[in-house]
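Text of input.txt, listed as compact mmCIF, C-alpha atoms:
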# COMPACT_ATOMS: atom_id res chain seq x y z
CA GLU A 1 26.74 46.30 65.55
CA GLU A 2 29.74 48.63 65.37
CA HIS A 3 33.10 47.28 64.25
CA PRO A 4 36.40 48.71 65.51
CA LEU A 5 38.94 50.00 63.04
CA PRO A 6 40.66 48.89 60.92
CA TRP A 7 37.86 47.51 58.75
CA HIS A 8 38.61 44.53 56.52
CA PRO A 9 36.96 43.69 53.19
CA PRO A 10 35.26 40.31 52.60
CA ILE A 11 37.99 38.17 51.02
CA CYS A 12 36.87 34.79 49.65
CA GLU A 13 39.60 32.19 49.52
CA ARG A 14 40.02 30.46 46.19
CA LEU A 15 37.66 27.52 45.92
CA GLY A 16 39.68 24.52 44.79
CA ASP A 17 36.72 22.38 43.76
CA THR A 18 35.25 22.72 40.30
CA VAL A 19 31.92 24.55 40.21
CA GLU A 20 29.75 22.53 37.88
CA GLY A 21 28.39 24.40 34.88
CA ILE A 22 30.43 27.60 35.15
CA ASP A 23 34.14 26.88 35.61
CA ASP A 24 34.62 25.98 31.95
CA ILE A 25 33.35 29.41 30.85
CA PRO A 26 36.39 31.31 29.49
CA GLY A 27 35.95 34.47 31.57
CA ILE A 28 35.78 32.40 34.76
CA LYS A 29 38.42 29.87 33.77
CA GLU A 30 40.82 32.72 32.99
CA ARG A 31 39.70 35.00 35.82
CA HIS A 32 43.30 35.70 36.78
CA THR A 33 43.48 37.88 33.65
CA LEU A 34 40.58 40.10 34.75
CA THR A 35 41.79 43.59 35.53
CA THR A 36 40.47 45.96 38.15
CA ARG A 37 37.89 48.29 36.67
CA ASN A 38 36.30 51.54 37.71
CA ARG A 39 33.69 51.38 40.42
CA ASP A 40 30.32 50.00 39.33
CA PRO A 41 27.67 52.20 40.97
CA HIS A 42 24.88 50.08 39.45
CA ALA A 43 25.62 47.36 42.01
CA VAL A 44 25.22 49.64 45.04
CA PRO A 45 21.39 49.43 45.24
CA TYR A 46 21.58 45.64 45.38
CA LEU A 47 23.83 45.81 48.43
CA MET A 48 21.45 48.30 50.03
CA LYS A 49 18.49 46.03 49.29
CA TYR A 50 19.87 43.54 51.80
CA GLY A 51 20.13 46.18 54.50
CA TYR A 52 23.81 46.93 54.06
CA GLN A 53 23.89 50.70 54.34
CA GLY A 54 26.44 53.23 55.49
CA VAL A 55 30.13 53.66 54.72
CA GLU A 56 31.16 51.12 52.08
CA ALA A 57 34.27 50.06 53.98
CA GLU A 58 32.12 49.26 57.01
CA ILE A 59 29.69 47.36 54.80
CA GLY A 60 32.62 45.21 53.69
CA GLN A 61 33.59 44.60 57.31
CA ARG A 62 30.05 43.61 58.24
CA ILE A 63 29.89 41.09 55.38
CA SER A 64 33.33 39.77 56.34
CA SER A 65 32.33 39.36 60.00
CA ALA A 66 29.11 37.55 59.05
CA MET A 67 31.06 35.19 56.79
CA LYS A 68 33.54 34.33 59.55
CA ARG A 69 30.79 33.77 62.11
CA GLY A 70 28.62 31.77 59.75
CA VAL A 71 25.67 34.09 60.31
CA GLY A 72 22.87 33.41 57.83
CA PRO A 73 23.01 31.40 54.61
CA GLN A 74 26.62 31.21 53.43
CA TRP A 75 25.68 31.43 49.75
CA LEU A 76 23.93 34.74 50.38
CA LEU A 77 26.97 36.15 52.18
CA TYR A 78 29.24 35.07 49.32
CA ASN A 79 26.81 36.71 46.92
CA LEU A 80 26.93 39.96 48.91
CA ALA A 81 30.73 39.78 48.99
CA GLY A 82 30.70 39.41 45.21
CA LEU A 83 28.48 42.48 44.93
CA TYR A 84 30.85 44.38 47.22
CA TRP A 85 33.80 43.64 44.93
CA ARG A 86 31.73 44.44 41.85
CA VAL A 87 31.01 47.87 43.33
CA HIS A 88 34.75 48.39 43.83
CA GLY A 89 35.68 47.09 40.38
CA ASN A 90 37.79 44.19 41.67
CA LEU A 91 36.58 41.57 39.22
CA TYR A 92 38.86 38.73 40.31
CA ASN A 93 37.75 38.90 43.95
CA GLY A 94 34.16 39.24 42.78
CA VAL A 95 34.38 36.08 40.67
CA GLU A 96 35.91 34.08 43.53
CA CYS A 97 33.14 35.06 45.93
CA LEU A 98 30.41 34.45 43.37
CA ARG A 99 31.86 31.03 42.46
CA ARG A 100 31.38 30.08 46.09
CA ALA A 101 27.86 31.52 46.02
CA VAL A 102 26.94 29.44 42.96
CA ALA A 103 28.51 26.32 44.50
CA THR A 104 26.58 26.62 47.78
CA ALA A 105 23.26 28.16 46.72
CA PRO A 106 20.13 25.98 46.84
CA ASP A 107 18.98 25.02 43.36
CA GLU A 108 15.96 27.34 43.54
CA TRP A 109 18.18 30.34 44.37
CA ARG A 110 21.08 29.58 42.04
CA ASP A 111 19.91 32.21 39.56
CA VAL A 112 20.84 35.00 42.00
CA PRO A 113 24.63 34.46 42.01
CA LEU A 114 24.53 33.37 38.36
CA ILE A 115 23.06 36.69 37.26
CA ASN A 116 25.50 38.62 39.45
CA ILE A 117 28.52 36.88 37.99
CA ALA A 118 27.04 37.43 34.52
CA ALA A 119 26.71 41.16 35.23
CA LEU A 120 30.29 41.26 36.50
CA LEU A 121 31.64 39.61 33.34
CA TYR A 122 29.46 41.91 31.23
CA THR A 123 31.21 44.92 32.75
CA ALA A 124 34.52 43.29 31.78
CA GLY A 125 33.40 42.97 28.16
CA HIS A 126 32.85 39.19 28.20
CA ILE A 127 29.47 39.38 26.47
CA ASP A 128 29.31 35.76 25.31
CA ASP A 129 30.21 34.47 28.78
CA ALA A 130 27.64 36.78 30.38
CA LEU A 131 25.02 35.51 27.93
CA THR A 132 25.79 31.88 28.79
CA LEU A 133 25.41 32.58 32.52
CA THR A 134 22.25 34.63 32.07
CA LEU A 135 20.62 31.84 30.08
CA GLN A 136 21.51 29.45 32.92
CA ALA A 137 19.85 31.84 35.36
CA MET A 138 16.76 31.96 33.14
CA GLN A 139 16.48 28.17 33.40
CA VAL A 140 16.14 28.56 37.17
CA ALA A 141 13.77 31.55 37.20
CA ASP A 142 12.67 33.17 33.95
CA HIS A 143 10.37 35.79 35.49
CA GLU A 144 12.89 37.95 37.37
CA PRO A 145 12.93 41.51 35.97
CA GLU A 146 16.68 42.08 36.38
CA THR A 147 17.53 38.77 34.71
CA ASN A 148 15.34 39.66 31.74
CA PHE A 149 16.82 43.16 31.68
CA LEU A 150 20.39 41.90 31.50
CA LEU A 151 19.42 39.33 28.87
CA ALA A 152 17.79 42.08 26.79
CA ASN A 153 20.95 44.20 27.03
CA LEU A 154 23.09 41.24 25.99
CA TYR A 155 20.86 40.40 23.03
CA CYS A 156 20.98 44.04 21.98
CA GLY A 157 24.79 43.94 22.16
CA LYS A 158 24.78 40.82 20.00
CA GLY A 159 22.49 42.44 17.43
CA ASN A 160 19.47 40.28 18.26
CA LEU A 161 17.03 43.18 18.46
CA THR A 162 13.90 41.02 18.36
CA GLY A 163 15.18 39.05 21.36
CA ALA A 164 16.09 42.26 23.15
CA TRP A 165 12.62 43.69 22.52
CA HIS A 166 10.94 40.56 23.87
CA HIS A 167 12.87 40.62 27.13
CA TYR A 168 12.52 44.38 27.71
CA GLU A 169 8.78 43.82 27.45
CA ARG A 170 9.00 40.95 29.93
CA VAL A 171 10.75 43.31 32.34
CA LEU A 172 7.96 45.85 32.02
CA ALA A 173 5.26 43.20 32.34
CA ALA A 174 6.71 42.21 35.72
CA SER A 175 7.86 45.68 36.78
CA PRO A 176 5.92 48.43 34.92
CA ASN A 177 7.90 51.23 36.57
CA HIS A 178 11.30 49.91 35.45
CA SER A 179 12.49 53.19 33.92
CA SER A 180 15.65 51.81 32.30
CA ALA A 181 13.75 49.07 30.46
CA LEU A 182 11.22 51.60 29.16
CA GLN A 183 14.00 53.97 28.12
CA TYR A 184 15.92 51.24 26.28
CA LEU A 185 12.78 49.84 24.66
CA THR A 186 11.85 53.29 23.41
CA ALA A 187 15.36 53.80 22.03
CA LEU A 188 15.25 50.37 20.41
CA ALA A 189 12.15 51.41 18.48
CA CYS A 190 14.38 53.95 16.73
CA HIS A 191 16.49 51.17 15.24
CA THR A 192 14.07 48.43 14.30
CA ARG A 193 10.45 47.85 13.43
CA PRO A 194 8.79 46.90 16.73
CA PRO A 195 7.28 43.43 16.85
CA HIS A 196 3.64 43.24 17.92
CA SER A 197 4.18 45.30 21.05
CA ILE A 198 2.05 44.78 24.12
CA ARG A 199 2.30 48.47 25.01
CA PRO A 200 2.34 51.84 23.24
CA LEU A 201 5.69 53.60 23.27
CA PRO A 202 6.14 57.34 23.67
CA THR A 203 7.31 59.29 20.65
CA CYS A 204 11.07 59.78 20.74
CA GLN A 205 13.67 61.44 18.61
CA ASN A 206 15.63 59.10 16.40
CA GLN A 207 18.91 57.97 17.99
CA GLY A 208 20.88 56.89 14.96
CA GLY A 209 18.80 54.23 13.23
CA VAL A 210 17.51 56.41 10.39
CA GLU A 211 18.43 60.01 9.69
CA ASP A 212 15.60 62.41 10.43
CA GLY A 213 13.48 59.50 11.65
CA VAL A 214 11.04 59.58 14.51
CA CYS A 215 9.97 56.72 16.75
CA THR A 216 6.20 56.40 16.81
CA THR A 217 3.84 54.28 18.85
CA ASP A 218 2.51 52.37 15.86
CA GLY A 219 5.05 52.38 13.07
CA GLY A 220 8.48 51.89 14.54
CA CYS A 221 11.23 54.19 13.37
CA GLN A 222 10.07 55.76 10.13
CA ASP A 223 12.06 57.88 7.74
CA SER A 224 10.67 60.72 5.67
CA THR A 225 9.21 58.27 3.13
CA GLY A 226 7.22 56.48 5.80
CA THR A 227 9.05 53.15 5.50
CA ALA A 228 10.61 51.41 8.45
CA PRO A 229 14.20 50.17 8.27
CA SER A 230 14.87 46.46 8.04
CA GLU A 231 15.67 44.71 11.30
CA GLU A 232 19.33 44.29 12.16
CA LYS A 233 20.63 40.75 12.53

What is this file in structure tokens?
Amino acid sequence: EEHPLPWHPPICERLGDTVEGIDDIPGIKERHTLTTRNRDPHAVPYLMKYGYQGVEAEIGQRISSAMKRGVGPQWLLYNLAGLYWRVHGNLYNGVECLRRAVATAPDEWRDVPLINIAALLYTAGHIDDALTLTLQAMQVADHEPETNFLLANLYCGKGNLTGAWHHYERVLAASPNHSSALQYLTALACHTRPPHSIRPLPTCQNQGGVEDGVCTTDGGCQDSTGTAPSEEK
């Protein structure tokens, strides 16, 4: 369906009710302090996955029209609106839409808006808040590749390299062609001794863990003496 100009973005009115389990998280509680960021191109494929293709402004209008008409599950439309604002870097609007998505999603689908709001707060630098939300999403569905991927990134940012390794491998177990997970797992081998890995890793040049080190498929990141560095905590 074509929409006449001007196109309007999907604005979600502020939800007055408390959203159980997330509204006490600092980044959400103080969402009015979130500043507009640069566009987040990583969110674009998720919009496209739901069939929203074309000019981004028109995509926003289509989501807005569907919300007003009550077409389809409301939680899914709020989730798409949150993705739209994440693409455009408007974190406050994104949080408001995703709060509504979390509040209205069926229990078995609650992980979807939870992981999207976690990713949004991650881009804003709220790593601890993103970790809290991602762990909530894992309680709903712990097999989703993108949930495990974000959790691995968060653990890596917190210095929990063993945890990061475990969840990158869970991503690849569910989605063997996940190129980012393989790339990050390979890079991680340059910084820590790999746990008992379920897969061989390609040789890679060291990326800062040990000078003149090389990542190998069987020995982690080894320096010239053949010893692996101790794991970071």

- Using only C-alpha atoms, the residue out of A:Asp111, A:Glu144, A:Glu169, A:Asp129 with shortest distance to Ile25 of chain A is A:Asp129

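For His126 of chain A, the residues within 10 Å (counting only C-alpha atoms, excluding itself and residues fewer than 5 positions away along the chain) are A:Pro26, A:Gly27, A:Ile28, A:Ala118, A:Ala119, A:Leu120, A:Leu121, A:Leu131.
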
Hey, can you spit out that residue selection with C-alpha atoms as an mmCIF file, in the frame of the given file?
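The resulting part_32.cif:
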data_model
loop_
_atom_site.group_PDB
_atom_site.id
_atom_site.type_symbol
_atom_site.label_atom_id
_atom_site.label_comp_id
_atom_site.auth_asym_id
_atom_site.auth_seq_id
_atom_site.Cartn_x
_atom_site.Cartn_y
_atom_site.Cartn_z
ATOM 1 C CA PRO A 26 36.390 31.310 29.490
ATOM 2 C CA GLY A 27 35.950 34.470 31.570
ATOM 3 C CA ILE A 28 35.780 32.400 34.760
ATOM 4 C CA ALA A 118 27.040 37.430 34.520
ATOM 5 C CA ALA A 119 26.710 41.160 35.230
ATOM 6 C CA LEU A 120 30.290 41.260 36.500
ATOM 7 C CA LEU A 121 31.640 39.610 33.340
ATOM 8 C CA LEU A 131 25.020 35.510 27.930
#

- Find the spatial neighbours of Tyr78 of chain A, counting only C-alpha atoms, within a cut-off of 12 Å - ignore same-chain residues fewer than 4 positions away - and output them as a ChimeraX atom specification. /A:10-13,15,60,63-68,70-74,82-85,93-105,112-113,116-117

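Note that the spacing between atom CA of Ala130 of chain A and atom CA of Phe149 of chain A amounts to 12.6 Å.
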
- Tell me which of A:Cys156, A:Cys190, A:Ile22, A:Ile59 sits closest to Leu77 of chain A, counting all atoms listed in the file. A:Ile59

- Query: Pick the closest to Thr186 of chain A from A:Trp165, A:Ala174, A:Tyr155, A:Tyr46: which is it, counting only C-alpha atoms?
  - Reply: A:Trp165

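For the choices A:Met48, A:Ala164, A:Glu108, A:Thr123, the atom-to-atom distance to Ala141 of chain A is smallest for A:Glu108 when using only C-alpha atoms.
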
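Coordinates place atom CA of Gly125 of chain A at a distance of 20.9 Å from atom CA of Tyr168 of chain A.
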
- In Å, rounded to a single decimal, give me how far atom CA of His88 of chain A is from atom CA of Pro145 of chain A.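 A separation of 24.2 Å between them.
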
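If you measure from each of A:Ser175, A:Asn90, A:Asn79, A:Thr134 to Asn153 of chain A using only C-alpha atoms, the closest one turns out to be A:Thr134.
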
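In terms of minimum interatomic distance to Val19 of chain A, A:Leu114 ranks closest within A:Ala124, A:Leu154, A:Leu114, A:Glu146, counting all atoms listed in the file.
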